[in-house]
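The next block is run_10.txt, given as compact mmCIF, C-alpha atoms.
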```txt
# COMPACT_ATOMS: atom_id res chain seq x y z
CA MET A 1 3.84 87.13 32.27
CA VAL A 2 5.84 90.35 32.23
CA LEU A 3 9.00 91.00 30.26
CA ILE A 4 11.15 93.67 31.83
CA LEU A 5 14.21 94.94 30.05
CA GLU A 6 16.09 96.38 32.94
CA THR A 7 18.42 95.56 35.75
CA LYS A 8 17.44 95.60 39.36
CA PRO A 9 18.63 94.07 42.62
CA LEU A 10 17.63 90.45 43.00
CA ILE A 11 17.78 89.81 46.69
CA PRO A 12 19.76 91.56 49.42
CA GLY A 13 23.44 90.83 49.15
CA LEU A 14 23.45 90.22 45.42
CA ILE A 15 24.96 92.39 42.79
CA PRO A 16 22.40 92.88 40.02
CA THR A 17 23.02 91.32 36.68
CA SER A 18 22.53 92.67 33.23
CA GLY A 19 20.22 91.15 30.68
CA CYS A 20 16.52 90.89 30.45
CA LEU A 21 14.38 89.80 33.30
CA ILE A 22 11.52 87.50 32.54
CA THR A 23 9.32 87.41 35.57
CA SER A 24 5.83 86.91 36.72
CA ILE A 25 3.94 87.17 39.91
CA ASP A 26 1.61 84.27 40.63
CA PHE A 27 3.20 82.23 37.90
CA THR A 28 0.49 80.15 36.30
CA PRO A 29 0.73 76.93 34.30
CA GLU A 30 -0.07 78.95 31.20
CA ASP A 31 2.85 81.23 31.97
CA VAL A 32 5.19 78.25 32.17
CA SER A 33 3.93 76.90 28.87
CA ALA A 34 4.41 80.27 27.21
CA LEU A 35 7.87 80.59 28.69
CA LEU A 36 8.86 77.17 27.44
CA GLU A 37 7.64 77.97 23.96
CA ARG A 38 10.00 80.91 23.90
CA PHE A 39 12.99 78.60 24.23
CA THR A 40 12.17 75.32 22.59
CA ALA A 41 9.41 73.02 21.50
CA VAL A 42 8.07 70.81 24.27
CA PRO A 43 6.07 68.19 22.43
CA ALA A 44 5.15 66.11 25.44
CA ALA A 45 4.50 68.93 27.85
CA THR A 46 0.85 68.30 28.23
CA ARG A 47 0.74 64.56 27.72
CA PHE A 48 -0.05 63.91 31.33
CA GLY A 49 -2.52 66.64 32.00
CA GLY A 50 -0.67 69.92 31.92
CA ILE A 51 1.92 71.76 33.91
CA PRO A 52 1.58 71.55 37.69
CA ALA A 53 1.12 74.70 39.66
CA THR A 54 3.75 73.83 42.26
CA GLY A 55 6.53 71.40 43.01
CA TRP A 56 9.77 70.28 41.43
CA ALA A 57 8.06 69.26 38.17
CA ARG A 58 7.36 72.90 37.52
CA LEU A 59 10.98 73.85 38.05
CA ALA A 60 12.17 70.93 35.93
CA MET A 61 9.99 72.09 33.05
CA VAL A 62 11.54 75.54 33.29
CA LEU A 63 15.13 74.31 33.59
CA HIS A 64 15.24 71.59 30.95
CA PRO A 65 14.93 73.96 27.97
CA LEU A 66 17.84 76.01 29.29
CA HIS A 67 20.45 73.44 28.24
CA GLY A 68 22.78 75.14 25.83
CA SER A 69 22.29 78.50 27.48
CA THR A 70 25.28 80.11 29.12
CA ASP A 71 24.26 83.50 30.40
CA CYS A 72 21.26 82.71 32.49
CA LEU A 73 20.17 83.12 36.08
CA VAL A 74 17.17 81.44 37.64
CA LEU A 75 15.62 82.45 40.94
CA VAL A 76 13.25 79.97 42.50
CA ASP A 77 11.10 81.30 45.32
CA LEU A 78 9.82 78.67 47.70
CA ALA A 79 6.58 79.25 49.56
CA GLU A 80 8.30 78.94 52.91
CA GLY A 81 10.26 82.08 52.10
CA SER A 82 13.69 81.06 50.84
CA THR A 83 15.01 81.55 47.32
CA ILE A 84 17.20 79.16 45.36
CA VAL A 85 19.59 81.07 43.10
CA ILE A 86 20.89 79.18 40.06
CA ASP A 87 23.80 80.45 37.99
CA TRP A 88 23.21 78.31 34.92
CA GLY A 89 26.37 79.47 33.17
CA ARG A 90 28.66 78.56 36.03
CA LYS A 91 26.61 75.50 36.95
CA ASP A 92 26.38 76.62 40.55
CA TYR A 93 23.51 77.22 42.90
CA TRP A 94 22.94 78.76 46.28
CA TRP A 95 20.24 77.81 48.70
CA PRO A 96 20.14 79.81 51.92
CA GLY A 97 17.63 77.45 53.49
CA GLY A 98 20.39 75.19 54.75
CA GLY A 99 20.02 71.56 55.61
CA VAL A 100 18.21 69.10 53.41
CA ILE A 101 16.45 70.36 50.28
CA PRO A 102 12.75 69.52 50.55
CA ILE A 103 11.41 66.60 48.57
CA ASP A 104 8.04 68.14 47.81
CA PRO A 105 8.28 71.94 48.03
CA THR A 106 5.76 74.54 47.02
CA ILE A 107 7.30 76.89 44.49
CA SER A 108 5.66 80.29 44.49
CA ASN A 109 7.62 81.96 41.70
CA VAL A 110 10.33 81.32 39.14
CA ARG A 111 12.25 84.18 37.60
CA ILE A 112 14.64 83.73 34.70
CA PHE A 113 17.27 86.29 33.75
CA ARG A 114 18.75 85.77 30.32
CA GLY A 115 21.19 87.73 28.25
CA GLN A 116 24.87 88.40 27.85
CA GLY A 117 26.56 88.74 31.19
CA ALA A 118 23.70 87.28 33.20
CA ARG A 119 25.97 85.97 35.90
CA LEU A 120 26.37 86.59 39.57
CA PRO A 121 29.64 88.41 40.24
CA TYR A 122 29.68 87.14 43.78
CA MET A 123 27.62 85.66 46.53
CA LEU A 124 28.14 85.80 50.25
CA GLU A 125 28.32 82.04 50.57
CA GLU A 126 30.15 79.34 48.65
CA PRO A 127 27.96 77.80 45.97
CA ASP A 128 27.13 74.15 45.50
CA ASP A 129 27.40 72.28 42.23
CA LEU A 130 24.20 72.65 40.23
CA SER A 131 24.35 68.95 39.40
CA THR A 132 23.41 68.11 43.00
CA LEU A 133 20.24 70.21 42.74
CA LEU A 134 19.33 68.85 39.31
CA TRP A 135 19.77 65.29 40.58
CA HIS A 136 17.41 66.01 43.46
CA VAL A 137 14.84 67.79 41.27
CA GLY A 138 15.03 65.11 38.59
CA LEU A 139 14.42 62.25 40.99
CA HIS A 140 11.46 63.90 42.67
CA ALA A 141 9.82 65.88 39.87
CA PHE A 142 8.26 62.92 38.05
CA PRO A 143 8.52 59.95 40.41
CA THR A 144 6.26 57.59 38.48
CA THR A 145 5.88 59.01 34.97
CA PRO A 146 8.17 60.06 32.12
CA ALA A 147 9.34 63.64 32.34
CA TRP A 148 7.03 65.64 30.17
CA TRP A 149 9.61 66.64 27.63
CA LEU A 150 10.49 63.01 26.85
CA THR A 151 8.93 61.32 23.86
CA ASP A 152 8.06 57.71 23.06
CA ASP A 153 9.90 57.49 19.76
CA VAL A 154 13.47 57.68 21.00
CA ARG A 155 15.95 55.71 23.10
CA TYR A 156 18.31 57.41 25.51
CA GLN A 157 22.08 56.97 25.63
CA LEU A 158 24.45 58.36 28.21
CA SER A 159 26.61 61.18 26.89
CA ARG A 160 28.39 61.99 30.16
CA TRP A 161 28.51 60.40 33.59
CA PRO A 162 26.95 62.25 36.52
CA ASP A 163 29.32 63.02 39.38
CA PHE A 164 27.80 60.32 41.56
CA THR A 165 30.02 61.00 44.55
CA ALA A 166 28.52 64.48 44.81
CA PHE A 167 25.04 63.30 45.80
CA ALA A 168 23.12 60.44 47.37
CA HIS A 169 22.62 57.55 44.96
CA SER A 170 22.14 53.81 44.97
CA PRO A 171 24.27 51.08 43.38
CA ASP A 172 21.36 50.50 40.99
CA HIS A 173 21.79 54.05 39.72
CA VAL A 174 25.43 53.28 38.91
CA ARG A 175 24.55 49.97 37.26
CA LEU A 176 21.74 51.38 35.13
CA THR A 177 23.85 54.36 34.10
CA ALA A 178 26.60 52.02 32.93
CA LEU A 179 24.03 50.20 30.77
CA LEU A 180 22.95 53.51 29.26
CA GLY A 181 26.60 54.17 28.50
CA GLN A 182 26.89 51.01 26.46
CA ALA A 183 23.76 51.34 24.31
CA PRO A 184 20.64 53.45 23.91
CA HIS A 185 17.62 52.18 25.85
CA THR A 186 14.02 53.05 26.45
CA ALA A 187 12.91 52.90 30.06
CA THR A 188 11.25 49.55 29.40
CA GLU A 189 14.42 48.10 27.87
CA LEU A 190 16.59 49.53 30.62
CA ALA A 191 14.36 48.07 33.31
CA ARG A 192 14.51 44.66 31.65
CA ALA A 193 18.30 44.77 31.19
CA GLY A 194 18.90 45.95 34.74
CA GLY A 195 16.30 43.81 36.45
CA VAL A 196 14.53 46.76 38.08
CA GLN A 197 11.02 48.18 37.99
CA GLU A 198 10.27 50.32 34.98
CA SER A 199 9.44 53.29 37.15
CA HIS A 200 12.92 53.10 38.63
CA ALA A 201 14.55 53.10 35.18
CA GLN A 202 12.25 55.90 34.04
CA GLN A 203 13.12 58.00 37.06
CA LEU A 204 16.81 57.72 36.24
CA ILE A 205 16.28 58.63 32.58
CA ASN A 206 14.17 61.63 33.67
CA THR A 207 16.95 62.78 35.96
CA LEU A 208 19.83 62.28 33.54
CA SER A 209 17.82 64.09 30.87
CA LEU A 210 17.20 67.04 33.15
CA MET A 211 20.93 67.12 33.86
CA GLY A 212 21.67 67.12 30.12
CA LEU A 213 23.60 63.86 30.33
CA VAL A 214 21.73 61.72 27.81
CA ARG A 215 21.17 62.09 24.11
CA GLU A 216 18.20 60.92 22.12
CA VAL A 217 18.50 58.20 19.51
CA PRO A 218 15.42 57.87 17.27
CA ILE A 219 13.82 54.46 17.18
CA GLU A 220 13.51 53.46 13.58
CA ASP A 221 10.83 51.05 12.46
CA GLY A 222 11.94 47.50 13.12
CA ALA A 223 15.08 48.55 14.97
CA PRO A 224 16.18 45.79 17.34
CA ALA A 225 16.38 46.29 21.07
CA PRO A 226 19.88 46.94 22.47
CA GLN A 227 22.07 43.88 22.84
CA THR A 228 23.92 45.01 25.95
CA THR A 229 22.99 42.91 28.91
CA GLU A 230 24.49 43.01 32.34
CA ARG A 231 26.02 39.83 33.69
CA PRO A 232 23.55 38.61 36.29
CA ARG A 233 26.31 37.41 38.57
CA GLY A 234 28.99 39.81 37.42
CA LEU A 235 31.74 41.26 39.55
CA PHE A 236 29.51 44.24 40.33
CA GLY A 237 26.93 41.98 41.93
CA ARG A 238 29.51 40.08 43.93
CA LEU A 239 31.17 43.25 45.21
CA ARG A 240 27.80 44.65 46.08
CA ALA A 241 26.94 41.52 48.03
CA ARG A 242 30.35 41.58 49.71
CA TRP A 243 29.72 45.10 50.95
CA GLY A 244 26.07 44.50 51.76
CA LEU A 245 24.89 47.27 49.42
CA MET B 1 41.88 31.70 41.84
CA ALA B 2 40.10 34.43 39.92
CA GLU B 3 41.88 37.73 40.25
CA HIS B 4 40.81 41.18 39.20
CA VAL B 5 43.64 43.71 39.17
CA ILE B 6 42.66 47.34 39.54
CA LEU B 7 45.34 50.02 39.25
CA PHE B 8 45.37 53.32 41.07
CA ALA B 9 47.46 55.81 39.13
CA GLY B 10 48.11 59.53 39.31
CA PRO B 11 50.63 62.08 40.47
CA MET B 12 52.27 62.13 43.86
CA GLY B 13 49.92 63.56 46.45
CA ALA B 14 46.67 62.73 44.64
CA GLY B 15 45.65 60.23 47.31
CA LYS B 16 46.32 56.81 45.78
CA THR B 17 47.64 55.25 48.97
CA THR B 18 44.77 56.69 50.98
CA ALA B 19 42.20 55.49 48.46
CA ILE B 20 43.47 51.92 48.60
CA ARG B 21 43.49 52.06 52.39
CA SER B 22 39.84 53.14 52.26
CA LEU B 23 38.89 50.12 50.17
CA SER B 24 41.18 47.33 51.28
CA GLU B 25 39.98 44.76 53.77
CA ILE B 26 43.54 43.84 54.71
CA GLU B 27 46.19 45.96 56.29
CA MET B 28 47.60 47.71 53.27
CA VAL B 29 51.06 46.76 52.07
CA ASN B 30 53.01 49.79 51.02
CA THR B 31 56.52 50.70 50.11
CA GLU B 32 57.04 54.23 51.20
CA ALA B 33 60.30 56.12 51.40
CA SER B 34 61.29 59.64 52.20
CA ASN B 35 60.00 62.06 49.64
CA THR B 36 62.94 63.68 47.90
CA GLU B 37 60.66 65.92 45.86
CA ARG B 38 59.13 68.01 48.61
CA HIS B 39 59.51 71.04 46.39
CA ILE B 40 56.78 69.44 44.23
CA VAL B 41 54.54 67.90 46.86
CA ASP B 42 55.01 68.69 50.52
CA LYS B 43 54.61 65.32 52.19
CA GLU B 44 57.15 63.38 54.17
CA THR B 45 56.96 60.06 52.38
CA THR B 46 55.85 58.75 49.01
CA THR B 47 55.28 55.37 47.37
CA VAL B 48 58.39 54.09 45.58
CA ALA B 49 57.35 50.64 44.36
CA LEU B 50 53.66 50.03 44.86
CA ASP B 51 50.84 49.93 47.34
CA TYR B 52 48.72 46.86 47.66
CA GLY B 53 45.32 46.12 49.11
CA GLU B 54 42.69 43.52 48.40
CA ILE B 55 39.03 42.61 48.64
CA THR B 56 38.12 38.94 48.98
CA LEU B 57 35.05 37.59 47.21
CA GLY B 58 34.43 34.05 48.40
CA ASP B 59 37.10 31.36 48.60
CA ASP B 60 38.61 31.72 45.18
CA GLU B 61 38.24 35.28 43.99
CA LYS B 62 40.03 38.49 44.91
CA VAL B 63 40.05 42.07 43.74
CA ARG B 64 43.66 43.22 43.93
CA LEU B 65 44.24 46.94 44.31
CA TYR B 66 47.63 48.21 43.17
CA GLY B 67 48.78 51.78 43.64
CA VAL B 68 51.54 52.64 41.23
CA PRO B 69 54.17 55.22 42.15
CA GLY B 70 53.30 58.67 40.94
CA GLN B 71 56.72 59.81 39.91
CA ARG B 72 57.60 59.43 36.25
CA ARG B 73 60.94 57.80 36.99
CA PHE B 74 59.02 54.75 38.16
CA ASP B 75 56.95 54.46 35.00
CA PHE B 76 58.54 51.10 34.14
CA MET B 77 56.31 49.78 36.93
CA TRP B 78 53.25 51.07 35.09
CA SER B 79 54.03 48.96 32.03
CA ILE B 80 54.39 45.83 34.12
CA LEU B 81 51.17 46.33 36.04
CA LYS B 82 48.92 47.51 33.26
CA GLU B 83 49.45 44.23 31.42
CA ARG B 84 47.58 42.50 34.21
CA ALA B 85 45.07 45.20 34.94
CA LYS B 86 41.36 44.85 34.36
CA GLY B 87 40.81 48.55 34.94
CA MET B 88 42.32 51.69 36.37
CA ILE B 89 41.34 54.55 38.61
CA LEU B 90 43.23 57.75 37.90
CA LEU B 91 43.37 60.17 40.81
CA ILE B 92 44.28 63.79 40.10
CA ASN B 93 44.69 66.44 42.78
CA ASN B 94 42.73 69.43 41.57
CA ASP B 95 45.19 71.91 43.05
CA ALA B 96 47.98 70.65 40.78
CA PRO B 97 49.20 73.08 38.13
CA ASP B 98 47.24 72.50 34.93
CA ALA B 99 45.44 69.54 36.45
CA VAL B 100 43.39 68.72 33.35
CA ALA B 101 46.48 68.46 31.16
CA LEU B 102 48.07 66.34 33.86
CA ALA B 103 45.12 63.94 33.74
CA ILE B 104 45.35 63.67 29.95
CA ASP B 105 49.08 63.05 30.25
CA TYR B 106 48.66 60.21 32.76
CA LEU B 107 45.84 58.60 30.83
CA ALA B 108 48.04 58.52 27.73
CA SER B 109 50.32 56.12 29.58
CA PHE B 110 47.38 53.75 30.02
CA ARG B 111 45.82 54.30 26.60
CA GLU B 112 44.76 50.69 26.09
CA LEU B 113 42.72 50.70 29.28
CA VAL B 114 41.24 54.10 28.55
CA GLU B 115 40.21 53.28 25.00
CA SER B 116 38.61 50.03 26.09
CA GLY B 117 36.44 51.94 28.58
CA SER B 118 38.24 50.56 31.61
CA ALA B 119 39.13 53.80 33.36
CA VAL B 120 37.56 56.17 35.87
CA VAL B 121 38.95 59.56 36.88
CA GLY B 122 38.72 60.80 40.47
CA ILE B 123 39.37 64.46 41.23
CA SER B 124 40.74 64.91 44.72
CA ARG B 125 41.41 68.04 46.79
CA ARG B 126 38.59 69.94 45.12
CA ASP B 127 37.90 71.52 48.46
CA LEU B 128 41.21 73.32 48.01
CA ALA B 129 40.77 74.19 44.35
CA ARG B 130 37.20 74.49 43.03
CA THR B 131 38.40 74.77 39.44
CA PRO B 132 38.83 73.07 37.08
CA SER B 133 35.37 71.54 37.32
CA PRO B 134 34.45 67.92 36.57
CA ASP B 135 32.96 69.18 33.30
CA ASP B 136 36.30 70.73 32.37
CA TYR B 137 37.90 67.30 32.74
CA ALA B 138 35.08 65.57 30.89
CA ASP B 139 35.31 68.05 28.00
CA ALA B 140 39.05 67.48 27.68
CA LEU B 141 38.69 63.71 27.91
CA SER B 142 35.97 63.69 25.25
CA ALA B 143 38.27 65.63 22.95
CA ALA B 144 41.25 63.37 23.63
CA TYR B 145 39.29 60.13 23.41
CA PRO B 146 36.33 60.63 21.08
CA GLY B 147 33.78 57.90 21.52
CA SER B 148 35.00 56.96 24.98
CA LEU B 149 32.82 57.70 27.96
CA ILE B 150 35.11 58.11 30.95
CA PRO B 151 33.39 58.69 34.30
CA VAL B 152 34.74 61.70 36.20
CA PHE B 153 34.00 62.00 39.90
CA THR B 154 35.03 64.35 42.66
CA VAL B 155 36.47 62.28 45.48
CA ASP B 156 37.87 62.45 48.94
CA PRO B 157 40.17 59.40 49.01
CA ARG B 158 39.60 59.13 52.77
CA ASN B 159 35.91 58.59 52.18
CA ALA B 160 35.28 54.86 51.85
CA GLY B 161 31.77 55.42 50.52
CA GLN B 162 33.00 57.61 47.70
CA MET B 163 35.81 55.25 46.80
CA THR B 164 33.30 52.40 46.79
CA THR B 165 31.23 54.32 44.25
CA VAL B 166 34.29 54.88 42.09
CA LEU B 167 35.23 51.20 42.14
CA LEU B 168 31.65 50.05 41.56
CA THR B 169 31.37 52.41 38.60
CA LEU B 170 34.50 51.00 37.05
CA VAL B 171 33.24 47.46 37.57
CA ALA B 172 29.76 48.35 36.27
CA THR B 173 31.24 49.65 33.02
CA LEU B 174 33.28 46.46 32.67
CA ASP B 175 30.31 44.20 33.40
CA SER B 176 27.94 46.04 31.07
CA ARG B 177 30.22 45.42 28.10
CA VAL B 178 29.85 41.64 28.36
CA GLN B 179 27.47 40.20 25.80
CA PRO B 180 24.83 37.66 26.84
CA GLU B 181 26.62 34.73 25.27
CA ALA B 182 29.66 35.43 27.42
CA VAL B 183 27.75 35.34 30.67
CA GLN B 184 29.14 32.94 33.20
CA SER B 185 26.77 31.41 35.65
```
Let's see the structure in the file written out as structure tokens.
Amino acid sequence: MVLILETKPLIPGLIPTSGCLITSIDFTPEDVSALLERFTAVPAATRFGGIPATGWARLAMVLHPLHGSTDCLVLVDLAEGSTIVIDWGRKDYWWPGGGVIPIDPTISNVRIFRGQGARLPYMLEEPDDLSTLLWHVGLHAFPTTPAWWLTDDVRYQLSRWPDFTAFAHSPDHVRLTALLGQAPHTATELARAGGVQESHAQQLINTLSLMGLVREVPIEDGAPAPQTTERPRGLFGRLRARWGL
Amino acid sequence: MAEHVILFAGPMGAGKTTAIRSLSEIEMVNTEASNTERHIVDKETTTVALDYGEITLGDDEKVRLYGVPGQRRFDFMWSILKERAKGMILLINNDAPDAVALAIDYLASFRELVESGSAVVGISRRDLARTPSPDDYADALSAAYPGSLIPVFTVDPRNAGQMTTVLLTLVATLDSRVQPEAVQS
């Protein structure tokens, strides 16, 4: 990994930003681990066998520690040639690839620019809300396992609703999110309360955590499970049936 | 008959009438008159009493959708309707001057619903004004109502799918508050 304290053009059409450039060519799993350690502790990072070399999981592991940062740019180079530009401070992103963002991309490089004023003064195209990218990455980064920064000794409670109308979602996502808003849950508890598979509940917690929309509540010894339970035949279920959703 | 009254509130031009039209399964009942405040919002007509739409759930249950007039001089209507309301959807046009403060101001008129977690905010016309962002609203709402978790969505009131999400979110928050012993089979 190379630390370069200078400013240089990012990609054609961009005004360079100030701040330090943390970059690497042929970014390795060890590089990602070292990068993460610079920002925050990641206790569960290697629980499931280490950092992947490619894919959204790798980007998720880079982005999650950035919560709380304001002046930060992230450039994500995809193997097929396009670059996703993320303005973390403004919560915007640009993807020149157009169309649908791939579900299982190969990421060839991730570059992070941090420091005061690390913002893009302008781009040629209108940005999209970063939340739409984070939702996509979160859902597909860890489809069957807990995100690697999550730990077993906490429950998760919603701290802010995602802007569901901004991206594709299911009624179950809305329902489970409402349950997380009422009380902290583990994925197991959320799955039981919502009547869904645990992997589905886990996937949502992964995603909301990546988006910075849940807070951790430590599980104390002997603490009871949350009491909130959805009405099995509540108005939500009847509306959903009425609309065939 | 079981009835669930949902209010649509917000300033003139935010899209309340359109939102109800997107959701209602009946031809919407509305009470529009010439807009005498075109210096504020440039549209020919505006709601002067209320809009009404409904969704039928079986033989004996309806969701009633009421759009309250946006102008402050009709706020006596708000008091009448909020007594019966199960929840409210506040629509705010993002191109309004000081839109966040406007949202806080409207929510204050429905404080009981907001504090009981029975409100959702929809930001319309964000294609015309990209700021303030949903997070700007959420930050202000968190400060005004500590401990409340008010969903904030960007919406196009013409989009039935988006309005369905907004309504389902409101209902999901209401349903999730019910304790097991209160469950009705």
Kindly provide, as a ChimeraX atom specification, the residues of chain A having any atom no farther than 10 Å from an atom of chain B, counting all atoms listed in the file. /A:90-91,129,158-167,169-183,193-194,227-243
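For the pair CA of Gly87 (chain B) and CA of Arg64 (chain B), the separation is 10.8 Å.
If only C-alpha atoms are the atoms counted, then among B:Pro97, B:Arg158, B:Ser24, B:Ala144 the closest residue to Glu115 (chain B) is B:Ala144.
Environment of (42.0, 44.7, 31.5): residues at most 9 Å away, judged by only C-alpha atoms, are His4, Val5, Ile6, Lys82, Glu83, Arg84, Ala85, Lys86, Gly87, Met88, Glu112, Leu113, Ser116, Ser118 and Leu174 of chain B.
Here CA of Trp135 (chain A) and CA of Thr207 (chain A) stand 6.0 Å from one another.
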